[in-house]
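Peer 1: First, the structure itself, so that you have it in front of you.
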Amino acid sequence: MNSHTTDHEHGHDHTVFQKDITEPKEDWEFLEIAIRELLIEKNVLSAREIQDEIEAWEKKNPEKGAEIIARSWVDDDFKNRLLSDGNKAVAELGFTVESLKLVALENTDELHHMVVCTLCSCYPRTLLGVPPLWYKSREYRSRAVREPRAVLREFGTTIPDSVEIRVVDSTADCRYLVIPRRPANTEKMSEAELVKLITRDSMIGTAEALDQHGQRS
Amino acid sequence: MTTRLISDLGGLPAGSIDRSEHEPTMTERRIDAMMILLRAKPRSFWVSDENRRTIESLEPTTYAESAYYERWVLAMKSLLLEKGILTEAELDEKVSEVRSRKQLAKI
């Protein structure tokens, strides 16, 4: 399949698709082609749908999660609703987390949360986009629950010993969203400005939010 | 001592975490896309627990040695067969057809 044969008039950079020119070498790559061709031949899926879904991938990012966190920083009532019923609260902002329980966890000066999925790679994709590769790695999955402080140090995140670290393990039915601590001196910032301080990793709990200048603290 | 499931990695010793990212390949993107489409409405061929069950029942060596999306495509295959959406015979035939077509294209 050659992605460049379709009419791309929307002018964005598709250089990443160059990789497709590489011929499949592995058994599983042949298997993917075979499954796809059969599903299309049998009208189970259409090529168009697959292509649309692939393009939707590029639009997935942690922005939605950051909007939710920013709102929780500026609106205590919203934060309380988010903490008591994640699904209901994010629906107020127009986000749906379908058929999964969404649990928000608040980081404080005494307690730091960090999320892992030891059994696979469960992740709140609808809010945070596609998980980073390390989240799915054997190393992160194995070590996060045993030596979270060491893992955090590898990520350049030092949590004082006086702060309790609580690691939560996601499941197929339950996803976590960490509410990082609001950085100091951000009282005058708008919600839109705050969004920029809320990184993907700060919502997984492997980092803190950026400081008021947008730098790692 | 109970036997661990292959997927049960929590607490096991492991090395440092590689935090480099690579752009997903087209094969990976297509697997991801098909998985989403087959599971989502209106098709709803299976639920995520079934997806996980099939991944967890891969041969331990396959699980350990295969790439993330390789596990996904193997799981997708077994679910498609299990649900009767594809048959083993037609899939086998298609795989060898694809393979010879791709190899021919290289000459």
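Residues are named by chain letter and number: chains run A, B, ... in the order of the structure tokens, numbers start at 1 in each chain, and ligands are numbered from 1 in the order shown.
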Could you write out as an MDAnalysis selection string the residues of chain B within 9 Å of chain A, counting only C-alpha atoms?
Peer 2: chainID B and resid 6:34 36:38 43 48:49 52 56 68:71 73:74 76:77 85:86 90:99 102:103 106
Peer 1: Out of region 21-104 of chain B, which residues get alpha helix (DSSP H) from DSSP, as JSON, numbers by chain?
Peer 2: {"B": [26, 27, 28, 29, 30, 31, 32, 33, 34, 35, 36, 37, 38, 39, 48, 49, 50, 51, 52, 53, 54, 55, 56, 60, 61, 62, 63, 64, 65, 68, 69, 70, 71, 72, 73, 74, 75, 76, 77, 78, 79, 80, 81, 82, 88, 89, 90, 91, 92, 93, 94, 95, 96, 97, 98, 99, 100, 101, 102, 103, 104]}
Peer 1: Please provide the set of residues having any atom within 9 Å of Thr206 (chain A), restricted to only C-alpha atoms, with same-chain residues fewer than 3 positions apart removed, written as a list in words.
Peer 2: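 The residues satisfying every condition are His113, Met114, Val115, Val151, Leu152, Phe155, Gly156, Thr157, Asp201, Ser202 and Met203 of chain A.
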Peer 1: Write out, as a compact mmCIF listing (two decimals), in the first residue's frame, the residues just selected, with all heavy atoms.
Peer 2:
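File written: selection-v5.txt
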# COMPACT_ATOMS: atom_id res chain seq x y z
N HIS A 113 1.14 10.55 43.56
CA HIS A 113 0.64 9.36 42.86
C HIS A 113 1.40 9.14 41.57
O HIS A 113 1.79 10.09 40.89
CB HIS A 113 -0.84 9.51 42.51
CG HIS A 113 -1.75 9.59 43.68
ND1 HIS A 113 -2.10 10.79 44.25
CD2 HIS A 113 -2.37 8.63 44.39
CE1 HIS A 113 -2.92 10.56 45.27
NE2 HIS A 113 -3.10 9.25 45.38
N MET A 114 1.54 7.88 41.24
CA MET A 114 2.20 7.51 39.98
C MET A 114 1.42 6.33 39.41
O MET A 114 1.03 5.42 40.14
CB MET A 114 3.63 7.12 40.34
CG MET A 114 4.48 6.64 39.23
SD MET A 114 6.17 6.45 39.93
CE MET A 114 6.74 5.13 38.92
N VAL A 115 1.20 6.35 38.09
CA VAL A 115 0.34 5.35 37.46
C VAL A 115 1.16 4.36 36.63
O VAL A 115 2.10 4.75 35.94
CB VAL A 115 -0.72 6.02 36.54
CG1 VAL A 115 -1.67 4.98 35.95
CG2 VAL A 115 -1.49 7.10 37.28
N VAL A 151 12.67 4.82 40.02
CA VAL A 151 12.13 5.08 38.68
C VAL A 151 11.94 6.58 38.47
O VAL A 151 12.35 7.14 37.45
CB VAL A 151 10.79 4.32 38.48
CG1 VAL A 151 10.10 4.77 37.19
CG2 VAL A 151 11.02 2.82 38.46
N LEU A 152 11.39 7.24 39.48
CA LEU A 152 11.18 8.70 39.37
C LEU A 152 12.51 9.42 39.19
O LEU A 152 12.61 10.35 38.39
CB LEU A 152 10.43 9.22 40.61
CG LEU A 152 8.94 8.86 40.64
CD1 LEU A 152 8.35 9.14 42.02
CD2 LEU A 152 8.17 9.66 39.59
N PHE A 155 13.62 9.43 35.81
CA PHE A 155 12.86 10.39 35.01
C PHE A 155 13.23 11.82 35.37
O PHE A 155 12.61 12.77 34.89
CB PHE A 155 11.35 10.18 35.24
CG PHE A 155 10.75 9.06 34.43
CD1 PHE A 155 10.99 7.74 34.75
CD2 PHE A 155 9.95 9.33 33.33
CE1 PHE A 155 10.44 6.70 34.02
CE2 PHE A 155 9.39 8.30 32.58
CZ PHE A 155 9.64 6.99 32.93
N GLY A 156 14.19 11.97 36.27
CA GLY A 156 14.61 13.31 36.68
C GLY A 156 13.65 13.96 37.65
O GLY A 156 13.60 15.18 37.78
N THR A 157 12.88 13.15 38.35
CA THR A 157 11.88 13.67 39.27
C THR A 157 12.24 13.24 40.69
O THR A 157 12.22 12.04 40.98
CB THR A 157 10.48 13.13 38.90
OG1 THR A 157 10.21 13.46 37.53
CG2 THR A 157 9.39 13.70 39.79
N ASP A 201 3.54 13.58 31.26
CA ASP A 201 4.15 12.85 32.37
C ASP A 201 3.63 13.31 33.72
O ASP A 201 3.56 12.52 34.66
CB ASP A 201 5.68 12.98 32.31
CG ASP A 201 6.28 12.12 31.20
OD1 ASP A 201 5.50 11.63 30.34
OD2 ASP A 201 7.51 11.94 31.19
N SER A 202 3.25 14.59 33.83
CA SER A 202 2.75 15.06 35.12
C SER A 202 1.38 14.44 35.41
O SER A 202 0.99 14.31 36.56
CB SER A 202 2.67 16.59 35.16
OG SER A 202 1.59 17.07 34.39
N MET A 203 0.67 14.02 34.38
CA MET A 203 -0.64 13.39 34.58
C MET A 203 -0.52 11.87 34.75
O MET A 203 -1.47 11.20 35.12
CB MET A 203 -1.58 13.75 33.42
CG MET A 203 -1.95 15.23 33.41
SD MET A 203 -3.09 15.65 32.09
CE MET A 203 -1.98 15.81 30.69
Peer 1: In Å, rounded to a single decimal, give me how far CA of Leu102 (chain A) is from CA of Ala66 (chain A).
Peer 2: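 Computing the Euclidean distance for CA of Ala66 (chain A) and CA of Leu102 (chain A) yields 15.0 Å.
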Peer 1: By how many Å are CA of Arg182 (chain A) and CA of Asn107 (chain A) apart?
Peer 2: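 So the two atoms, CA of Arg182 (chain A) and CA of Asn107 (chain A), lie 9.1 Å apart.
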Peer 1: For CA of Ala209 (chain A) and CA of Lys101 (chain A), determine how far apart the two atoms are, in Å to one decimal place.
Peer 2: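 Between CA of Ala209 (chain A) and CA of Lys101 (chain A) the gap works out to 24.1 Å.
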